[in-house]
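A short worksheet on the structure shown next.
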Amino acid sequence: MIGPGTTIRGNIAGDEDLVVEGRVEGAVRLTKDLTVAEGATVEAEVEARAVRVGGRFAGTLDAGDSLVVEAGAVFVGDVKTPRLQIADGAHFKGKVDMDFELPGETKKRDDRRR
């Protein structure tokens with residue numbers, strides 16, 4: 001956890017969940033989940049499994065599983081994730097890439113090549 005009175009500038013990498021209650025500026029690479037708590041700020045390029053934003057986020061995000069932007073949160077940036085939830089009362093500005101395979105899509109592509 002990064003506490004409310006702490007600012008980290010630089011790169012963070014880890015194999016555990018991370019909760020930010022303070023401020024992070026830089027890059028974050030996690031194999032697990034990131035939570036940006038209410039009142040926290042993350043200005044970074046982020047890669048994580050699942051991300052929950054309750055505070056402020058600015059940057060780019062690659063969430064392998066999901067992104068949740070809670071009511072009252074601010075998200076500014078581009079996101080790539082297969083699942084996205086934006087709560088009523090959240091603020092979101094950016095681009096969304098929800099890249100996923102549709103069932104049967106691979107087979108259809110294979111059929112066209114024949």
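Chains: A, B, ... in order of the structure tokens. Residues: from 1 per chain. Ligands: from 1, in order shown.
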Please return, as a PyMOL selection string, all residues of chain A that DSSP assigns to strand (DSSP E or B) on the basis of the backbone.
chain A and resi 2+7-14+18-20+23-30+34-36+41-53+56-69+74-80+84-86+91-93+96-97
Could you give me, as a PyMOL selection string, the residues within 7 Å of Ile12 (chain A), counting only C-alpha atoms and dropping anything in the same chain fewer than 5 positions from it?
chain A and resi 27-29
Exercise: region 62-70 of chain A partners within 12 Å, only C-alpha atoms, chain neighbours under 4 positions left out, as a PDB file with N, CA and C atoms, in the first residue's frame:
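Written output follows (result37.pdb):
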```
ATOM      1  N   ALA A  27       5.373   4.775 -14.004  1.00  0.00           N
ATOM      2  CA  ALA A  27       4.883   3.556 -14.639  1.00  0.00           C
ATOM      3  C   ALA A  27       4.629   2.501 -13.568  1.00  0.00           C
ATOM      4  N   VAL A  28       3.552   1.744 -13.761  1.00  0.00           N
ATOM      5  CA  VAL A  28       3.188   0.683 -12.827  1.00  0.00           C
ATOM      6  C   VAL A  28       2.954  -0.583 -13.638  1.00  0.00           C
ATOM      7  N   ARG A  29       3.682  -1.653 -13.302  1.00  0.00           N
ATOM      8  CA  ARG A  29       3.530  -2.952 -13.962  1.00  0.00           C
ATOM      9  C   ARG A  29       3.256  -3.996 -12.889  1.00  0.00           C
ATOM     10  N   LEU A  30       2.027  -4.523 -12.895  1.00  0.00           N
ATOM     11  CA  LEU A  30       1.632  -5.512 -11.894  1.00  0.00           C
ATOM     12  C   LEU A  30       1.086  -6.758 -12.578  1.00  0.00           C
ATOM     13  N   THR A  31       1.316  -7.911 -11.967  1.00  0.00           N
ATOM     14  CA  THR A  31       0.678  -9.131 -12.449  1.00  0.00           C
ATOM     15  C   THR A  31      -0.650  -9.342 -11.739  1.00  0.00           C
ATOM     16  N   LYS A  32      -0.900  -8.553 -10.703  1.00  0.00           N
ATOM     17  CA  LYS A  32      -2.154  -8.649  -9.929  1.00  0.00           C
ATOM     18  C   LYS A  32      -2.965  -7.370 -10.108  1.00  0.00           C
ATOM     19  N   ASP A  33      -3.715  -6.957  -9.081  1.00  0.00           N
ATOM     20  CA  ASP A  33      -4.691  -5.873  -9.185  1.00  0.00           C
ATOM     21  C   ASP A  33      -4.167  -4.544  -8.637  1.00  0.00           C
ATOM     22  N   LEU A  34      -4.689  -3.457  -9.197  1.00  0.00           N
ATOM     23  CA  LEU A  34      -4.390  -2.098  -8.736  1.00  0.00           C
ATOM     24  C   LEU A  34      -5.683  -1.436  -8.295  1.00  0.00           C
ATOM     25  N   THR A  35      -5.648  -0.829  -7.112  1.00  0.00           N
ATOM     26  CA  THR A  35      -6.766  -0.037  -6.616  1.00  0.00           C
ATOM     27  C   THR A  35      -6.277   1.381  -6.375  1.00  0.00           C
ATOM     28  N   VAL A  36      -6.953   2.344  -6.997  1.00  0.00           N
ATOM     29  CA  VAL A  36      -6.685   3.762  -6.767  1.00  0.00           C
ATOM     30  C   VAL A  36      -7.808   4.231  -5.851  1.00  0.00           C
ATOM     31  N   ALA A  37      -7.489   4.407  -4.582  1.00  0.00           N
ATOM     32  CA  ALA A  37      -8.502   4.724  -3.574  1.00  0.00           C
ATOM     33  C   ALA A  37      -9.052   6.140  -3.748  1.00  0.00           C
ATOM     34  N   GLU A  38     -10.208   6.374  -3.150  1.00  0.00           N
ATOM     35  CA  GLU A  38     -10.799   7.708  -3.145  1.00  0.00           C
ATOM     36  C   GLU A  38      -9.798   8.676  -2.525  1.00  0.00           C
ATOM     37  N   ALA A  44       0.114   7.784 -14.647  1.00  0.00           N
ATOM     38  CA  ALA A  44       1.080   6.763 -15.027  1.00  0.00           C
ATOM     39  C   ALA A  44       0.636   5.972 -16.239  1.00  0.00           C
ATOM     40  N   GLU A  45       1.589   5.223 -16.751  1.00  0.00           N
ATOM     41  CA  GLU A  45       1.327   4.182 -17.731  1.00  0.00           C
ATOM     42  C   GLU A  45       1.205   2.906 -16.913  1.00  0.00           C
ATOM     43  N   VAL A  46       0.048   2.262 -16.964  1.00  0.00           N
ATOM     44  CA  VAL A  46      -0.238   1.138 -16.062  1.00  0.00           C
ATOM     45  C   VAL A  46      -0.568  -0.133 -16.832  1.00  0.00           C
ATOM     46  N   GLU A  47      -0.004  -1.240 -16.369  1.00  0.00           N
ATOM     47  CA  GLU A  47      -0.387  -2.572 -16.809  1.00  0.00           C
ATOM     48  C   GLU A  47      -0.703  -3.361 -15.544  1.00  0.00           C
ATOM     49  N   ALA A  48      -1.909  -3.925 -15.478  1.00  0.00           N
ATOM     50  CA  ALA A  48      -2.322  -4.716 -14.322  1.00  0.00           C
ATOM     51  C   ALA A  48      -3.427  -5.672 -14.746  1.00  0.00           C
ATOM     52  N   ARG A  49      -3.724  -6.634 -13.879  1.00  0.00           N
ATOM     53  CA  ARG A  49      -4.775  -7.606 -14.194  1.00  0.00           C
ATOM     54  C   ARG A  49      -6.146  -6.935 -14.134  1.00  0.00           C
ATOM     55  N   ALA A  50      -6.495  -6.395 -12.998  1.00  0.00           N
ATOM     56  CA  ALA A  50      -7.768  -5.700 -12.803  1.00  0.00           C
ATOM     57  C   ALA A  50      -7.480  -4.382 -12.100  1.00  0.00           C
ATOM     58  N   VAL A  51      -8.221  -3.342 -12.495  1.00  0.00           N
ATOM     59  CA  VAL A  51      -7.994  -2.013 -11.919  1.00  0.00           C
ATOM     60  C   VAL A  51      -9.327  -1.445 -11.458  1.00  0.00           C
ATOM     61  N   ARG A  52      -9.305  -0.854 -10.258  1.00  0.00           N
ATOM     62  CA  ARG A  52     -10.475  -0.174  -9.691  1.00  0.00           C
ATOM     63  C   ARG A  52     -10.027   1.247  -9.361  1.00  0.00           C
ATOM     64  N   VAL A  53     -10.744   2.238  -9.927  1.00  0.00           N
ATOM     65  CA  VAL A  53     -10.397   3.640  -9.697  1.00  0.00           C
ATOM     66  C   VAL A  53     -11.507   4.302  -8.897  1.00  0.00           C
ATOM     67  N   GLY A  54     -11.153   4.773  -7.711  1.00  0.00           N
ATOM     68  CA  GLY A  54     -12.075   5.516  -6.867  1.00  0.00           C
ATOM     69  C   GLY A  54     -11.641   6.964  -6.721  1.00  0.00           C
ATOM     70  N   GLY A  55     -10.388   7.238  -7.120  1.00  0.00           N
ATOM     71  CA  GLY A  55      -9.817   8.584  -7.046  1.00  0.00           C
ATOM     72  C   GLY A  55      -9.638   9.168  -8.432  1.00  0.00           C
ATOM     73  N   ARG A  56      -8.392   9.601  -8.721  1.00  0.00           N
ATOM     74  CA  ARG A  56      -8.093  10.221 -10.013  1.00  0.00           C
ATOM     75  C   ARG A  56      -7.034   9.396 -10.740  1.00  0.00           C
ATOM     76  N   PHE A  57      -7.270   9.162 -12.031  1.00  0.00           N
ATOM     77  CA  PHE A  57      -6.305   8.454 -12.872  1.00  0.00           C
ATOM     78  C   PHE A  57      -6.102   9.255 -14.139  1.00  0.00           C
ATOM     79  N   VAL A  74     -12.381  10.100 -11.333  1.00  0.00           N
ATOM     80  CA  VAL A  74     -12.038  10.784 -12.572  1.00  0.00           C
ATOM     81  C   VAL A  74     -11.004   9.942 -13.307  1.00  0.00           C
ATOM     82  N   PHE A  75     -11.303   9.573 -14.542  1.00  0.00           N
ATOM     83  CA  PHE A  75     -10.383   8.800 -15.376  1.00  0.00           C
ATOM     84  C   PHE A  75     -10.169   9.574 -16.664  1.00  0.00           C
ATOM     85  N   VAL A  76      -8.914   9.946 -16.938  1.00  0.00           N
ATOM     86  CA  VAL A  76      -8.562  10.656 -18.165  1.00  0.00           C
ATOM     87  C   VAL A  76      -7.428   9.886 -18.824  1.00  0.00           C
ATOM     88  N   GLY A  77      -7.712   9.309 -19.985  1.00  0.00           N
ATOM     89  CA  GLY A  77      -6.683   8.552 -20.680  1.00  0.00           C
ATOM     90  C   GLY A  77      -7.279   7.448 -21.513  1.00  0.00           C
ATOM     91  N   ASP A  78      -6.407   6.657 -22.077  1.00  0.00           N
ATOM     92  CA  ASP A  78      -6.831   5.564 -22.935  1.00  0.00           C
ATOM     93  C   ASP A  78      -6.718   4.250 -22.192  1.00  0.00           C
ATOM     94  N   VAL A  79      -7.679   3.357 -22.459  1.00  0.00           N
ATOM     95  CA  VAL A  79      -7.712   2.079 -21.759  1.00  0.00           C
ATOM     96  C   VAL A  79      -7.907   0.940 -22.748  1.00  0.00           C
ATOM     97  N   LYS A  80      -7.205  -0.147 -22.482  1.00  0.00           N
ATOM     98  CA  LYS A  80      -7.392  -1.393 -23.214  1.00  0.00           C
ATOM     99  C   LYS A  80      -7.756  -2.450 -22.188  1.00  0.00           C
ATOM    100  N   THR A  81      -8.961  -3.016 -22.318  1.00  0.00           N
ATOM    101  CA  THR A  81      -9.440  -4.030 -21.389  1.00  0.00           C
ATOM    102  C   THR A  81     -10.610  -4.779 -22.024  1.00  0.00           C
ATOM    103  N   PRO A  82     -10.799  -6.039 -21.680  1.00  0.00           N
ATOM    104  CA  PRO A  82     -11.953  -6.749 -22.228  1.00  0.00           C
ATOM    105  C   PRO A  82     -13.262  -6.439 -21.505  1.00  0.00           C
ATOM    106  N   ARG A  83     -13.179  -5.904 -20.259  1.00  0.00           N
ATOM    107  CA  ARG A  83     -14.397  -5.588 -19.497  1.00  0.00           C
ATOM    108  C   ARG A  83     -14.242  -4.218 -18.855  1.00  0.00           C
ATOM    109  N   LEU A  84     -15.299  -3.388 -18.973  1.00  0.00           N
ATOM    110  CA  LEU A  84     -15.264  -2.021 -18.455  1.00  0.00           C
ATOM    111  C   LEU A  84     -16.582  -1.707 -17.772  1.00  0.00           C
ATOM    112  N   GLN A  85     -16.473  -1.130 -16.579  1.00  0.00           N
ATOM    113  CA  GLN A  85     -17.658  -0.683 -15.840  1.00  0.00           C
ATOM    114  C   GLN A  85     -17.416   0.749 -15.389  1.00  0.00           C
ATOM    115  N   ILE A  86     -18.295   1.660 -15.818  1.00  0.00           N
ATOM    116  CA  ILE A  86     -18.208   3.064 -15.414  1.00  0.00           C
ATOM    117  C   ILE A  86     -19.474   3.380 -14.643  1.00  0.00           C
ATOM    118  N   ALA A  87     -19.331   3.690 -13.369  1.00  0.00           N
ATOM    119  CA  ALA A  87     -20.485   3.943 -12.505  1.00  0.00           C
ATOM    120  C   ALA A  87     -21.112   5.296 -12.824  1.00  0.00           C
ATOM    121  N   ASP A  88     -22.410   5.394 -12.551  1.00  0.00           N
ATOM    122  CA  ASP A  88     -23.112   6.660 -12.668  1.00  0.00           C
ATOM    123  C   ASP A  88     -22.435   7.650 -11.717  1.00  0.00           C
ATOM    124  N   GLY A  89     -22.084   8.807 -12.216  1.00  0.00           N
ATOM    125  CA  GLY A  89     -21.411   9.817 -11.398  1.00  0.00           C
ATOM    126  C   GLY A  89     -19.899   9.805 -11.554  1.00  0.00           C
ATOM    127  N   ALA A  90     -19.365   8.853 -12.305  1.00  0.00           N
ATOM    128  CA  ALA A  90     -17.931   8.841 -12.609  1.00  0.00           C
ATOM    129  C   ALA A  90     -17.671   9.764 -13.794  1.00  0.00           C
ATOM    130  N   HIS A  91     -16.441  10.226 -13.916  1.00  0.00           N
ATOM    131  CA  HIS A  91     -16.040  11.078 -15.032  1.00  0.00           C
ATOM    132  C   HIS A  91     -15.004  10.325 -15.845  1.00  0.00           C
ATOM    133  N   PHE A  92     -15.245  10.181 -17.152  1.00  0.00           N
ATOM    134  CA  PHE A  92     -14.349   9.427 -18.024  1.00  0.00           C
ATOM    135  C   PHE A  92     -14.119  10.212 -19.297  1.00  0.00           C
ATOM    136  N   LYS A  93     -12.834  10.384 -19.653  1.00  0.00           N
ATOM    137  CA  LYS A  93     -12.482  11.032 -20.912  1.00  0.00           C
ATOM    138  C   LYS A  93     -11.315  10.248 -21.496  1.00  0.00           C
ATOM    139  N   LYS A  95     -10.137   7.065 -24.764  1.00  0.00           N
ATOM    140  CA  LYS A  95     -10.485   6.055 -25.751  1.00  0.00           C
ATOM    141  C   LYS A  95     -10.491   4.688 -25.082  1.00  0.00           C
ATOM    142  N   VAL A  96     -11.381   3.824 -25.572  1.00  0.00           N
ATOM    143  CA  VAL A  96     -11.501   2.477 -25.024  1.00  0.00           C
ATOM    144  C   VAL A  96     -11.263   1.470 -26.140  1.00  0.00           C
ATOM    145  N   ASP A  97     -10.402   0.510 -25.886  1.00  0.00           N
ATOM    146  CA  ASP A  97     -10.163  -0.605 -26.796  1.00  0.00           C
ATOM    147  C   ASP A  97     -10.537  -1.869 -26.038  1.00  0.00           C
ATOM    148  N   MET A  98     -11.669  -2.453 -26.409  1.00  0.00           N
ATOM    149  CA  MET A  98     -12.142  -3.670 -25.747  1.00  0.00           C
ATOM    150  C   MET A  98     -11.892  -4.842 -26.690  1.00  0.00           C
ATOM    151  N   ASP A  99     -10.646  -5.223 -26.812  1.00  0.00           N
ATOM    152  CA  ASP A  99     -10.220  -6.276 -27.723  1.00  0.00           C
ATOM    153  C   ASP A  99     -10.502  -7.643 -27.116  1.00  0.00           C
ATOM    154  N   PHE A 100     -11.340  -8.402 -27.793  1.00  0.00           N
ATOM    155  CA  PHE A 100     -11.655  -9.751 -27.339  1.00  0.00           C
ATOM    156  C   PHE A 100     -12.105 -10.560 -28.548  1.00  0.00           C
TER     157      PHE A 100
END
```
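The list of residues with at least one atom within 12 Å of Ile2 (chain A), based on only C-alpha atoms and without residues fewer than 2 positions apart in the same chain, reads Pro4, Gly5, Thr6, Thr7, Ile8, Arg9, Ile12, Asp17, Leu18, Val19, Val20, Glu21, Gly22, Arg23, Val24, Leu34, Thr35, Val36, Ala37, Ala40, Thr41 and Val42 of chain A.
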Go ahead and write the selection's residues with C-alpha atoms as a compact mmCIF listing (two decimals), in the first residue's frame.
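Printed below is again21.txt as written:
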```
# COMPACT_ATOMS: atom_id res chain seq x y z
CA PRO A 4 -2.16 8.96 1.79
CA GLY A 5 0.85 11.14 2.63
CA THR A 6 3.22 9.41 0.19
CA THR A 7 4.23 10.35 -3.37
CA ILE A 8 6.12 7.88 -5.56
CA ARG A 9 7.81 9.11 -8.75
CA ILE A 12 6.74 0.27 -9.75
CA ASP A 17 -2.04 -6.35 -5.37
CA LEU A 18 -1.31 -2.65 -4.91
CA VAL A 19 -3.54 -0.08 -3.19
CA VAL A 20 -2.67 3.57 -3.78
CA GLU A 21 -4.00 6.04 -1.22
CA GLY A 22 -1.39 8.69 -2.02
CA ARG A 23 0.11 9.74 -5.34
CA VAL A 24 1.99 7.78 -8.02
CA LEU A 34 -4.39 -2.10 -8.74
CA THR A 35 -6.77 -0.04 -6.62
CA VAL A 36 -6.69 3.76 -6.77
CA ALA A 37 -8.50 4.72 -3.57
CA ALA A 40 -5.59 9.13 -4.42
CA THR A 41 -4.00 10.16 -7.73
CA VAL A 42 -2.20 8.01 -10.28
```
How far is it from CA of Leu61 (chain A) to CA of Gly26 (chain A), in Å with one decimal?
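Between CA of Leu61 (chain A) and CA of Gly26 (chain A) the gap works out to 12.2 Å.
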If you run DSSP over the backbone, which residues in chain A end up helix (DSSP H, G or I)? Put them as a VMD selection string.
chain A and resid 105 to 113
If you measure from CA of Gly39 (chain A) to CA of Ala71 (chain A), what distance in Å do you get, rounded to one decimal?
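One can read the CA of Gly39 (chain A) to CA of Ala71 (chain A) distance as 12.5 Å.
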In Å to one decimal, how far is CA of Gly3 (chain A) from CA of Gly59 (chain A)?
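It comes out at 20.7 Å.
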